[in-house]
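Q: I am sharing model.pdb, which consists of PDB, C-alpha atoms, pLDDT in the B column:
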```pdb
ATOM      1  CA  MET U   1     -12.410 -37.955 -50.533  1.00 85.00           C
ATOM      2  CA  ALA U   2      -9.887 -40.570 -51.624  1.00 93.00           C
ATOM      3  CA  THR U   3      -6.332 -39.437 -52.266  1.00 96.00           C
ATOM      4  CA  ILE U   4      -4.039 -41.393 -54.551  1.00 97.00           C
ATOM      5  CA  LYS U   5      -0.375 -40.424 -54.488  1.00 97.00           C
ATOM      6  CA  LYS U   6       2.040 -41.458 -57.172  1.00 98.00           C
ATOM      7  CA  LEU U   7       5.334 -42.899 -55.883  1.00 98.00           C
ATOM      8  CA  LEU U   8       8.099 -43.278 -58.459  1.00 98.00           C
ATOM      9  CA  PHE U   9      10.750 -45.853 -57.531  1.00 98.00           C
ATOM     10  CA  LEU U  10      13.789 -44.784 -59.526  1.00 98.00           C
ATOM     11  CA  VAL U  11      16.576 -47.347 -59.870  1.00 98.00           C
ATOM     12  CA  ASP U  12      19.961 -46.384 -61.303  1.00 97.00           C
ATOM     13  CA  LYS U  13      22.186 -48.958 -59.586  1.00 96.00           C
ATOM     14  CA  PRO U  14      23.213 -52.248 -61.215  1.00 96.00           C
ATOM     15  CA  PRO U  15      21.979 -55.582 -59.823  1.00 96.00           C
ATOM     16  CA  TYR U  16      23.740 -57.716 -57.197  1.00 95.00           C
ATOM     17  CA  LYS U  17      26.670 -55.348 -56.556  1.00 92.00           C
ATOM     18  CA  SER U  18      24.629 -53.707 -53.805  1.00 93.00           C
ATOM     19  CA  GLU U  19      21.239 -54.196 -52.167  1.00 94.00           C
ATOM     20  CA  ASN U  20      19.796 -51.005 -53.694  1.00 95.00           C
ATOM     21  CA  SER U  21      17.855 -52.373 -56.635  1.00 96.00           C
ATOM     22  CA  ARG U  22      16.520 -55.272 -54.567  1.00 97.00           C
ATOM     23  CA  LEU U  23      15.309 -52.789 -51.938  1.00 97.00           C
ATOM     24  CA  ALA U  24      13.687 -50.689 -54.664  1.00 98.00           C
ATOM     25  CA  LEU U  25      11.764 -53.715 -55.881  1.00 98.00           C
ATOM     26  CA  THR U  26      10.744 -54.983 -52.444  1.00 97.00           C
ATOM     27  CA  HIS U  27       9.606 -51.489 -51.407  1.00 98.00           C
ATOM     28  CA  ALA U  28       7.681 -51.047 -54.672  1.00 98.00           C
ATOM     29  CA  ILE U  29       5.974 -54.414 -54.223  1.00 98.00           C
ATOM     30  CA  ALA U  30       5.131 -53.453 -50.609  1.00 97.00           C
ATOM     31  CA  SER U  31       2.883 -50.760 -52.110  1.00 97.00           C
ATOM     32  CA  GLN U  32       0.316 -53.539 -52.524  1.00 96.00           C
ATOM     33  CA  THR U  33      -0.377 -53.532 -48.776  1.00 96.00           C
ATOM     34  CA  VAL U  34       0.198 -49.864 -47.916  1.00 96.00           C
ATOM     35  CA  GLU U  35      -3.527 -49.169 -47.678  1.00 95.00           C
ATOM     36  CA  ILE U  36      -3.710 -50.963 -44.309  1.00 96.00           C
ATOM     37  CA  HIS U  37      -1.787 -47.961 -42.894  1.00 96.00           C
ATOM     38  CA  LEU U  38      -3.856 -45.279 -44.680  1.00 96.00           C
ATOM     39  CA  GLU U  39      -7.285 -43.710 -44.363  1.00 94.00           C
ATOM     40  CA  ASP U  40     -10.145 -45.484 -46.166  1.00 93.00           C
ATOM     41  CA  GLU U  41      -9.800 -45.342 -49.962  1.00 94.00           C
ATOM     42  CA  ASP U  42      -6.435 -43.548 -49.867  1.00 96.00           C
ATOM     43  CA  ASN U  43      -3.695 -45.397 -51.683  1.00 96.00           C
ATOM     44  CA  VAL U  44      -0.463 -45.089 -53.628  1.00 97.00           C
ATOM     45  CA  GLU U  45       0.153 -45.574 -57.331  1.00 97.00           C
ATOM     46  CA  PRO U  46       3.612 -47.128 -57.723  1.00 98.00           C
ATOM     47  CA  VAL U  47       5.769 -46.736 -60.820  1.00 98.00           C
ATOM     48  CA  LEU U  48       9.121 -48.524 -61.185  1.00 98.00           C
ATOM     49  CA  ALA U  49      11.607 -46.854 -63.516  1.00 98.00           C
ATOM     50  CA  PHE U  50      15.034 -48.242 -64.404  1.00 98.00           C
ATOM     51  CA  VAL U  51      17.586 -45.786 -65.768  1.00 98.00           C
ATOM     52  CA  GLY U  52      21.373 -45.672 -66.239  1.00 98.00           C
ATOM     53  CA  ASP U  53      23.117 -48.806 -64.939  1.00 97.00           C
ATOM     54  CA  GLY U  54      19.755 -49.708 -63.400  1.00 98.00           C
ATOM     55  CA  VAL U  55      18.560 -51.139 -66.731  1.00 98.00           C
ATOM     56  CA  LEU U  56      20.983 -54.040 -66.141  1.00 98.00           C
ATOM     57  CA  ASN U  57      18.525 -55.281 -63.503  1.00 98.00           C
ATOM     58  CA  CYS U  58      16.094 -56.034 -66.295  1.00 98.00           C
ATOM     59  CA  ILE U  59      18.143 -58.564 -68.281  1.00 98.00           C
ATOM     60  CA  LYS U  60      16.375 -61.871 -68.879  1.00 97.00           C
ATOM     61  CA  GLY U  61      17.677 -65.250 -67.744  1.00 97.00           C
ATOM     62  CA  GLN U  62      19.168 -64.310 -64.350  1.00 98.00           C
ATOM     63  CA  LYS U  63      20.455 -67.316 -62.397  1.00 96.00           C
ATOM     64  CA  ALA U  64      20.792 -65.853 -58.897  1.00 96.00           C
ATOM     65  CA  LEU U  65      18.754 -68.672 -57.394  1.00 95.00           C
ATOM     66  CA  ASP U  66      21.042 -71.309 -58.910  1.00 95.00           C
ATOM     67  CA  ALA U  67      24.286 -69.438 -58.244  1.00 94.00           C
ATOM     68  CA  TYR U  68      23.643 -67.871 -54.860  1.00 94.00           C
ATOM     69  CA  GLY U  69      20.397 -69.399 -53.594  1.00 96.00           C
ATOM     70  CA  ILE U  70      18.634 -66.033 -53.561  1.00 95.00           C
ATOM     71  CA  THR U  71      15.658 -64.703 -55.486  1.00 96.00           C
ATOM     72  CA  SER U  72      16.763 -63.029 -58.707  1.00 97.00           C
ATOM     73  CA  LEU U  73      15.918 -59.448 -59.551  1.00 97.00           C
ATOM     74  CA  GLU U  74      14.212 -60.952 -62.603  1.00 98.00           C
ATOM     75  CA  ALA U  75      11.803 -62.802 -60.305  1.00 97.00           C
ATOM     76  CA  HIS U  76      11.104 -59.570 -58.420  1.00 98.00           C
ATOM     77  CA  ILE U  77      10.465 -57.633 -61.648  1.00 98.00           C
ATOM     78  CA  LYS U  78       8.094 -60.387 -62.789  1.00 98.00           C
ATOM     79  CA  ASN U  79       6.313 -60.230 -59.433  1.00 98.00           C
ATOM     80  CA  ALA U  80       5.951 -56.469 -59.880  1.00 98.00           C
ATOM     81  CA  LEU U  81       4.395 -57.031 -63.323  1.00 98.00           C
ATOM     82  CA  LEU U  82       2.179 -59.785 -61.926  1.00 98.00           C
ATOM     83  CA  LEU U  83       0.898 -57.246 -59.380  1.00 97.00           C
ATOM     84  CA  ASP U  84       0.193 -54.796 -62.240  1.00 96.00           C
ATOM     85  CA  LEU U  85       2.868 -52.294 -61.292  1.00 97.00           C
ATOM     86  CA  LYS U  86       3.886 -49.958 -64.083  1.00 98.00           C
ATOM     87  CA  VAL U  87       7.467 -50.872 -65.020  1.00 98.00           C
ATOM     88  CA  ILE U  88       9.562 -48.656 -67.288  1.00 98.00           C
ATOM     89  CA  PHE U  89      13.009 -49.113 -68.830  1.00 98.00           C
ATOM     90  CA  CYS U  90      14.934 -46.178 -70.282  1.00 98.00           C
ATOM     91  CA  LYS U  91      15.387 -46.643 -74.023  1.00 98.00           C
ATOM     92  CA  GLU U  92      18.600 -44.637 -74.338  1.00 98.00           C
ATOM     93  CA  ASP U  93      20.227 -46.593 -71.505  1.00 98.00           C
ATOM     94  CA  LEU U  94      19.176 -49.940 -72.980  1.00 98.00           C
ATOM     95  CA  ASP U  95      20.650 -48.774 -76.297  1.00 98.00           C
ATOM     96  CA  LYS U  96      23.865 -47.808 -74.509  1.00 98.00           C
ATOM     97  CA  PHE U  97      24.290 -51.408 -73.303  1.00 98.00           C
ATOM     98  CA  GLY U  98      23.214 -52.893 -76.643  1.00 98.00           C
ATOM     99  CA  LEU U  99      20.048 -54.276 -75.042  1.00 98.00           C
ATOM    100  CA  THR U 100      16.751 -54.618 -76.881  1.00 97.00           C
ATOM    101  CA  GLU U 101      13.235 -55.733 -76.034  1.00 97.00           C
ATOM    102  CA  ASP U 102      14.424 -59.303 -76.720  1.00 97.00           C
ATOM    103  CA  ASN U 103      17.015 -59.179 -73.916  1.00 96.00           C
ATOM    104  CA  VAL U 104      14.937 -57.686 -71.118  1.00 98.00           C
ATOM    105  CA  ILE U 105      12.010 -58.782 -68.963  1.00 98.00           C
ATOM    106  CA  MET U 106       9.004 -57.408 -70.808  1.00 98.00           C
ATOM    107  CA  ASP U 107       6.276 -59.515 -69.200  1.00 97.00           C
ATOM    108  CA  ALA U 108       5.387 -62.083 -66.557  1.00 97.00           C
ATOM    109  CA  GLU U 109       3.249 -64.290 -68.757  1.00 96.00           C
ATOM    110  CA  ASP U 110       4.921 -67.449 -67.442  1.00 96.00           C
ATOM    111  CA  ILE U 111       3.557 -66.748 -63.946  1.00 97.00           C
ATOM    112  CA  GLY U 112       0.161 -65.490 -65.124  1.00 96.00           C
ATOM    113  CA  GLY U 113       0.793 -61.746 -65.369  1.00 95.00           C
ATOM    114  CA  ASP U 114      -0.940 -59.514 -67.915  1.00 95.00           C
ATOM    115  CA  MET U 115       1.083 -56.340 -67.464  1.00 97.00           C
ATOM    116  CA  ILE U 116       3.740 -55.486 -70.042  1.00 97.00           C
ATOM    117  CA  ALA U 117       6.843 -53.417 -69.241  1.00 98.00           C
ATOM    118  CA  ASN U 118       7.425 -50.217 -71.201  1.00 98.00           C
ATOM    119  CA  ILE U 119      10.578 -49.071 -72.950  1.00 98.00           C
ATOM    120  CA  LEU U 120      10.397 -45.280 -72.996  1.00 98.00           C
ATOM    121  CA  PRO U 121      12.751 -42.434 -73.918  1.00 98.00           C
ATOM    122  CA  PHE U 122      14.238 -40.589 -70.945  1.00 98.00           C
ATOM    123  CA  ALA U 123      12.075 -37.553 -71.711  1.00 98.00           C
ATOM    124  CA  ASP U 124       8.989 -39.650 -70.911  1.00 98.00           C
ATOM    125  CA  ILE U 125      10.580 -40.941 -67.698  1.00 98.00           C
ATOM    126  CA  LEU U 126      11.265 -37.330 -66.762  1.00 98.00           C
ATOM    127  CA  GLY U 127       7.551 -36.710 -67.338  1.00 98.00           C
ATOM    128  CA  GLU U 128       6.753 -39.549 -64.908  1.00 97.00           C
ATOM    129  CA  MET U 129       9.118 -37.964 -62.381  1.00 97.00           C
ATOM    130  CA  GLU U 130       7.424 -34.599 -62.745  1.00 98.00           C
ATOM    131  CA  ALA U 131       4.001 -36.216 -62.332  1.00 98.00           C
ATOM    132  CA  ALA U 132       5.023 -38.150 -59.209  1.00 98.00           C
ATOM    133  CA  ASP U 133       4.182 -36.915 -55.720  1.00 98.00           C
ATOM    134  CA  HIS U 134       7.417 -38.411 -54.431  1.00 98.00           C
ATOM    135  CA  ILE U 135      10.500 -39.916 -56.066  1.00 98.00           C
ATOM    136  CA  LEU U 136      12.141 -42.727 -54.115  1.00 98.00           C
ATOM    137  CA  HIS U 137      15.647 -42.935 -55.539  1.00 96.00           C
ATOM    138  CA  PHE U 138      17.500 -46.204 -55.047  1.00 95.00           C
TER     139      PHE U 138
ATOM    140  CA  MET Q 139       5.327 -26.912 -40.574  1.00 91.00           C
ATOM    141  CA  GLY Q 140       5.947 -29.858 -42.817  1.00 97.00           C
ATOM    142  CA  LYS Q 141       6.704 -33.528 -42.566  1.00 98.00           C
ATOM    143  CA  LEU Q 142       9.915 -34.990 -43.958  1.00 98.00           C
ATOM    144  CA  ALA Q 143      10.439 -38.714 -44.617  1.00 98.00           C
ATOM    145  CA  ILE Q 144      14.076 -39.758 -44.862  1.00 98.00           C
ATOM    146  CA  GLY Q 145      14.888 -43.207 -46.215  1.00 98.00           C
ATOM    147  CA  CYS Q 146      18.378 -44.399 -45.203  1.00 97.00           C
ATOM    148  CA  PHE Q 147      20.188 -47.369 -46.730  1.00 95.00           C
ATOM    149  CA  SER Q 148      23.886 -47.082 -45.768  1.00 94.00           C
ATOM    150  CA  SER Q 149      25.518 -48.790 -42.835  1.00 92.00           C
ATOM    151  CA  LEU Q 150      26.304 -46.937 -39.620  1.00 91.00           C
ATOM    152  CA  VAL Q 151      29.961 -47.855 -39.911  1.00 90.00           C
ATOM    153  CA  GLY Q 152      31.529 -47.539 -43.344  1.00 86.00           C
ATOM    154  CA  SER Q 153      30.008 -44.338 -44.626  1.00 88.00           C
ATOM    155  CA  MET Q 154      28.973 -40.946 -43.294  1.00 92.00           C
ATOM    156  CA  SER Q 155      25.503 -41.107 -44.837  1.00 94.00           C
ATOM    157  CA  LEU Q 156      23.678 -41.890 -41.592  1.00 95.00           C
ATOM    158  CA  ASP Q 157      25.615 -39.126 -39.825  1.00 95.00           C
ATOM    159  CA  PHE Q 158      24.343 -36.736 -42.482  1.00 96.00           C
ATOM    160  CA  ALA Q 159      20.775 -38.049 -42.186  1.00 97.00           C
ATOM    161  CA  ILE Q 160      20.815 -37.435 -38.427  1.00 97.00           C
ATOM    162  CA  LYS Q 161      22.289 -33.941 -38.865  1.00 97.00           C
ATOM    163  CA  LEU Q 162      19.622 -33.128 -41.442  1.00 97.00           C
ATOM    164  CA  SER Q 163      16.911 -34.430 -39.093  1.00 98.00           C
ATOM    165  CA  GLU Q 164      18.257 -32.284 -36.276  1.00 98.00           C
ATOM    166  CA  ALA Q 165      18.144 -29.183 -38.489  1.00 98.00           C
ATOM    167  CA  ALA Q 166      14.600 -29.960 -39.629  1.00 98.00           C
ATOM    168  CA  ILE Q 167      13.370 -30.590 -36.071  1.00 98.00           C
ATOM    169  CA  LYS Q 168      14.953 -27.308 -34.936  1.00 97.00           C
ATOM    170  CA  LYS Q 169      12.899 -25.556 -37.593  1.00 97.00           C
ATOM    171  CA  GLY Q 170       9.767 -27.234 -36.236  1.00 97.00           C
ATOM    172  CA  HIS Q 171       9.298 -29.903 -38.908  1.00 98.00           C
ATOM    173  CA  GLN Q 172       8.222 -33.468 -38.220  1.00 98.00           C
ATOM    174  CA  VAL Q 173      10.786 -36.066 -39.329  1.00 98.00           C
ATOM    175  CA  ASP Q 174      10.336 -39.791 -39.971  1.00 98.00           C
ATOM    176  CA  ILE Q 175      13.537 -41.744 -40.537  1.00 98.00           C
ATOM    177  CA  TRP Q 176      13.268 -45.136 -42.217  1.00 98.00           C
ATOM    178  CA  LEU Q 177      16.233 -47.494 -41.785  1.00 98.00           C
ATOM    179  CA  SER Q 178      16.453 -50.112 -44.503  1.00 97.00           C
ATOM    180  CA  GLY Q 179      19.165 -52.520 -45.631  1.00 96.00           C
ATOM    181  CA  ASN Q 180      22.438 -51.985 -43.772  1.00 95.00           C
ATOM    182  CA  ALA Q 181      21.074 -48.799 -42.186  1.00 96.00           C
ATOM    183  CA  THR Q 182      19.040 -50.942 -39.778  1.00 96.00           C
ATOM    184  CA  MET Q 183      22.218 -51.275 -37.703  1.00 94.00           C
ATOM    185  CA  LEU Q 184      21.687 -47.735 -36.396  1.00 95.00           C
ATOM    186  CA  SER Q 185      18.856 -49.084 -34.258  1.00 96.00           C
ATOM    187  CA  LYS Q 186      20.678 -52.089 -32.783  1.00 95.00           C
ATOM    188  CA  LYS Q 187      21.478 -52.307 -29.084  1.00 94.00           C
ATOM    189  CA  GLY Q 188      24.883 -53.015 -27.635  1.00 90.00           C
ATOM    190  CA  GLN Q 189      27.143 -51.096 -29.979  1.00 90.00           C
ATOM    191  CA  ARG Q 190      30.398 -50.000 -28.466  1.00 89.00           C
ATOM    192  CA  LYS Q 191      31.572 -46.468 -29.129  1.00 89.00           C
ATOM    193  CA  PHE Q 192      35.018 -46.017 -30.675  1.00 90.00           C
ATOM    194  CA  GLN Q 193      36.414 -42.691 -31.733  1.00 88.00           C
ATOM    195  CA  ASP Q 194      37.290 -44.093 -35.169  1.00 88.00           C
ATOM    196  CA  TYR Q 195      33.705 -45.061 -36.013  1.00 90.00           C
ATOM    197  CA  SER Q 196      30.417 -43.243 -36.243  1.00 88.00           C
ATOM    198  CA  SER Q 197      28.301 -43.644 -33.137  1.00 91.00           C
ATOM    199  CA  LEU Q 198      24.868 -42.084 -33.328  1.00 94.00           C
ATOM    200  CA  GLU Q 199      22.958 -43.760 -30.486  1.00 95.00           C
ATOM    201  CA  ALA Q 200      23.109 -40.865 -28.025  1.00 94.00           C
ATOM    202  CA  LYS Q 201      22.381 -38.194 -30.634  1.00 96.00           C
ATOM    203  CA  THR Q 202      19.502 -40.156 -32.143  1.00 97.00           C
ATOM    204  CA  LYS Q 203      17.959 -40.872 -28.738  1.00 97.00           C
ATOM    205  CA  ASP Q 204      18.177 -37.173 -27.921  1.00 97.00           C
ATOM    206  CA  LEU Q 205      16.353 -36.336 -31.177  1.00 98.00           C
ATOM    207  CA  ILE Q 206      13.757 -39.045 -30.489  1.00 98.00           C
ATOM    208  CA  SER Q 207      13.055 -37.283 -27.185  1.00 98.00           C
ATOM    209  CA  GLN Q 208      12.415 -34.147 -29.277  1.00 97.00           C
ATOM    210  CA  GLY Q 209       9.924 -35.921 -31.544  1.00 97.00           C
ATOM    211  CA  LEU Q 210      12.038 -37.683 -34.180  1.00 98.00           C
ATOM    212  CA  ASN Q 211      10.472 -40.961 -35.327  1.00 98.00           C
ATOM    213  CA  VAL Q 212      12.950 -43.696 -36.276  1.00 98.00           C
ATOM    214  CA  THR Q 213      11.804 -47.017 -37.711  1.00 98.00           C
ATOM    215  CA  ALA Q 214      13.872 -49.953 -38.906  1.00 98.00           C
ATOM    216  CA  CYS Q 215      12.765 -52.362 -41.610  1.00 98.00           C
ATOM    217  CA  GLU Q 216      11.823 -55.582 -39.855  1.00 97.00           C
ATOM    218  CA  ALA Q 217      12.820 -57.936 -42.697  1.00 97.00           C
ATOM    219  CA  CYS Q 218      16.155 -56.156 -43.270  1.00 97.00           C
ATOM    220  CA  ALA Q 219      16.927 -56.441 -39.546  1.00 97.00           C
ATOM    221  CA  GLU Q 220      15.905 -60.089 -39.220  1.00 97.00           C
ATOM    222  CA  SER Q 221      18.005 -61.044 -42.258  1.00 96.00           C
ATOM    223  CA  ARG Q 222      21.001 -59.572 -40.425  1.00 95.00           C
ATOM    224  CA  GLY Q 223      20.359 -61.604 -37.280  1.00 95.00           C
ATOM    225  CA  TYR Q 224      19.122 -58.569 -35.427  1.00 93.00           C
ATOM    226  CA  HIS Q 225      15.887 -59.375 -33.648  1.00 95.00           C
ATOM    227  CA  LYS Q 226      13.139 -57.379 -31.968  1.00 95.00           C
ATOM    228  CA  GLU Q 227      14.693 -57.690 -28.509  1.00 96.00           C
ATOM    229  CA  ASP Q 228      17.925 -56.166 -29.886  1.00 96.00           C
ATOM    230  CA  THR Q 229      16.198 -52.903 -30.816  1.00 96.00           C
ATOM    231  CA  LEU Q 230      17.213 -49.753 -28.957  1.00 96.00           C
ATOM    232  CA  GLU Q 231      14.557 -48.203 -26.746  1.00 95.00           C
ATOM    233  CA  GLY Q 232      12.513 -45.582 -28.581  1.00 96.00           C
ATOM    234  CA  PHE Q 233      13.183 -47.075 -32.034  1.00 97.00           C
ATOM    235  CA  ASN Q 234      10.448 -48.886 -33.988  1.00 97.00           C
ATOM    236  CA  ARG Q 235      10.507 -51.921 -36.287  1.00 97.00           C
ATOM    237  CA  LYS Q 236       7.921 -52.174 -39.052  1.00 97.00           C
ATOM    238  CA  SER Q 237       7.344 -53.594 -42.529  1.00 97.00           C
ATOM    239  CA  MET Q 238       8.086 -51.743 -45.768  1.00 97.00           C
ATOM    240  CA  ASP Q 239       4.465 -50.801 -46.408  1.00 97.00           C
ATOM    241  CA  TYR Q 240       4.594 -48.720 -43.215  1.00 98.00           C
ATOM    242  CA  TYR Q 241       7.360 -46.607 -44.770  1.00 98.00           C
ATOM    243  CA  LEU Q 242       5.367 -46.086 -47.972  1.00 98.00           C
ATOM    244  CA  ALA Q 243       2.458 -44.856 -45.846  1.00 98.00           C
ATOM    245  CA  SER Q 244       4.868 -42.452 -44.153  1.00 98.00           C
ATOM    246  CA  CYS Q 245       5.902 -41.208 -47.621  1.00 98.00           C
ATOM    247  CA  PHE Q 246       2.231 -40.802 -48.514  1.00 98.00           C
ATOM    248  CA  ASN Q 247       1.759 -38.539 -45.505  1.00 97.00           C
ATOM    249  CA  SER Q 248       4.976 -36.546 -46.012  1.00 98.00           C
ATOM    250  CA  ASP Q 249       5.532 -33.238 -47.744  1.00 98.00           C
ATOM    251  CA  ARG Q 250       8.998 -34.281 -48.878  1.00 97.00           C
ATOM    252  CA  VAL Q 251      10.781 -37.622 -49.231  1.00 98.00           C
ATOM    253  CA  ILE Q 252      14.578 -37.890 -49.360  1.00 97.00           C
ATOM    254  CA  HIS Q 253      16.637 -41.031 -49.806  1.00 97.00           C
ATOM    255  CA  ILE Q 254      20.146 -40.916 -48.416  1.00 94.00           C
ATOM    256  CA  GLY Q 255      22.877 -43.397 -49.091  1.00 84.00           C
ATOM    257  CA  GLY Q 256      23.096 -46.853 -50.486  1.00 75.00           C
ATOM    258  CA  GLU Q 257      26.244 -48.882 -50.731  1.00 69.00           C
TER     259      GLU Q 257
END
```
When written as structure tokens, how does the structure in this file appear?

A:
Amino acid sequence: MATIKKLLFLVDKPPYKSENSRLALTHAIASQTVEIHLEDEDNVEPVLAFVGDGVLNCIKGQKALDAYGITSLEAHIKNALLLDLKVIFCKEDLDKFGLTEDNVIMDAEDIGGDMIANILPFADILGEMEAADHILHF
Amino acid sequence: MGKLAIGCFSSLVGSMSLDFAIKLSEAAIKKGHQVDIWLSGNATMLSKKGQRKFQDYSSLEAKTKDLISQGLNVTACEACAESRGYHKEDTLEGFNRKSMDYYLASCFNSDRVIHIGGE
């Protein structure tokens, strides 16, 4: 019988100051190929949640490629949405920074993605944490 | 007995996080648990050959090799290592190098997952 395990990638570090949020995104995106290491039909269900300073990763219009020649966290978040990963931003933490839906990466329409990011209260993110088999905290 | 996956992200020199991860692994192995350590980001340096031991800096090669001989599995992220100019031939004997999806599969098969460190 197939087993699906939910992995919650929890990001609370800001972008670019350290490698943490980038590693969270690259590990989450790697979930797309994890099945090659698992038994037939087993798989993982990845969820990416940004809380605390981590919501700063989600600001639109990042210029890391122009400034530093590296892929922006924005591009990684869009890739995650393109791959239909569930992406969640904490509403209270966005509010704390004065950020709204207009300032953050809500979709990847420009690269052909259908998935929309979710802005949820922390209580709902806590629910995701409780429902996860494992929390990978970055 | 259970299986523990430990994701490590801090450098060998510059923090005590890897020292703690190795101590935790030792305790878990002593209790009969299986432990998989994943070295990502700067933590990949734990698995690099040719490091000289100084008393002022953490040096975990001997301890980690001893634990590997007792069943500890240690794997470094291949992309993180390559980006740091540390290639396959530089890997210490007994250590593995794999892609990130390998680590997620290890998490899938673990009873507990702990992430330690980060810069």

Q: Using the chain letters and numbers from the file, give me the residues hit by the ChimeraX specification (/Q :<7) & /U, as a ChimeraX atom specification.

A: /U:5,18,20,27,30-31,33-34,37-38,134,136-137

Q: So how far away is CA of Glu220 (chain Q) from CA of Tyr68 (chain U), in Å?

A: 19.1 Å

Q: To one decimal place, how far is CA of Ile160 (chain Q) from CA of Leu23 (chain U) in Å?

A: 21.2 Å

Q: Please write as number ranges by chain the full residue list that the PyMOL selection byres ((chain U and resi 131) around 12) yields on this file.

A: U: 5-8, 45-47, 124-130, 132-135

Q: The PyMOL selection byres ((chain U and resi 84-94) around 9) - which residues does that actually catch in the file I just gave you? List them as a PDB file with C-alpha atoms, in the coordinates of the input.

A:
```
ATOM      1  CA  ALA U  28       7.681 -51.047 -54.672  1.00 98.00           C
ATOM      2  CA  ILE U  29       5.974 -54.414 -54.223  1.00 98.00           C
ATOM      3  CA  GLU U  45       0.153 -45.574 -57.331  1.00 97.00           C
ATOM      4  CA  PRO U  46       3.612 -47.128 -57.723  1.00 98.00           C
ATOM      5  CA  VAL U  47       5.769 -46.736 -60.820  1.00 98.00           C
ATOM      6  CA  LEU U  48       9.121 -48.524 -61.185  1.00 98.00           C
ATOM      7  CA  ALA U  49      11.607 -46.854 -63.516  1.00 98.00           C
ATOM      8  CA  PHE U  50      15.034 -48.242 -64.404  1.00 98.00           C
ATOM      9  CA  VAL U  51      17.586 -45.786 -65.768  1.00 98.00           C
ATOM     10  CA  GLY U  52      21.373 -45.672 -66.239  1.00 98.00           C
ATOM     11  CA  ASP U  53      23.117 -48.806 -64.939  1.00 97.00           C
ATOM     12  CA  GLY U  54      19.755 -49.708 -63.400  1.00 98.00           C
ATOM     13  CA  VAL U  55      18.560 -51.139 -66.731  1.00 98.00           C
ATOM     14  CA  LEU U  56      20.983 -54.040 -66.141  1.00 98.00           C
ATOM     15  CA  CYS U  58      16.094 -56.034 -66.295  1.00 98.00           C
ATOM     16  CA  ILE U  77      10.465 -57.633 -61.648  1.00 98.00           C
ATOM     17  CA  ASN U  79       6.313 -60.230 -59.433  1.00 98.00           C
ATOM     18  CA  ALA U  80       5.951 -56.469 -59.880  1.00 98.00           C
ATOM     19  CA  LEU U  81       4.395 -57.031 -63.323  1.00 98.00           C
ATOM     20  CA  LEU U  82       2.179 -59.785 -61.926  1.00 98.00           C
ATOM     21  CA  LEU U  83       0.898 -57.246 -59.380  1.00 97.00           C
ATOM     22  CA  ASP U  95      20.650 -48.774 -76.297  1.00 98.00           C
ATOM     23  CA  LYS U  96      23.865 -47.808 -74.509  1.00 98.00           C
ATOM     24  CA  PHE U  97      24.290 -51.408 -73.303  1.00 98.00           C
ATOM     25  CA  GLY U  98      23.214 -52.893 -76.643  1.00 98.00           C
ATOM     26  CA  LEU U  99      20.048 -54.276 -75.042  1.00 98.00           C
ATOM     27  CA  THR U 100      16.751 -54.618 -76.881  1.00 97.00           C
ATOM     28  CA  GLU U 101      13.235 -55.733 -76.034  1.00 97.00           C
ATOM     29  CA  MET U 106       9.004 -57.408 -70.808  1.00 98.00           C
ATOM     30  CA  GLY U 113       0.793 -61.746 -65.369  1.00 95.00           C
ATOM     31  CA  ASP U 114      -0.940 -59.514 -67.915  1.00 95.00           C
ATOM     32  CA  MET U 115       1.083 -56.340 -67.464  1.00 97.00           C
ATOM     33  CA  ILE U 116       3.740 -55.486 -70.042  1.00 97.00           C
ATOM     34  CA  ALA U 117       6.843 -53.417 -69.241  1.00 98.00           C
ATOM     35  CA  ASN U 118       7.425 -50.217 -71.201  1.00 98.00           C
ATOM     36  CA  ILE U 119      10.578 -49.071 -72.950  1.00 98.00           C
ATOM     37  CA  LEU U 120      10.397 -45.280 -72.996  1.00 98.00           C
ATOM     38  CA  PRO U 121      12.751 -42.434 -73.918  1.00 98.00           C
ATOM     39  CA  PHE U 122      14.238 -40.589 -70.945  1.00 98.00           C
ATOM     40  CA  ASP U 124       8.989 -39.650 -70.911  1.00 98.00           C
ATOM     41  CA  ILE U 125      10.580 -40.941 -67.698  1.00 98.00           C
TER      42      ILE U 125
END
```

Q: Measure the distance from CA of Thr26 (chain U) to CA of Gln62 (chain U) in Å and round it to one decimal.

A: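 CA of Gln62 (chain U) lies at a distance of 17.3 Å from CA of Thr26 (chain U).
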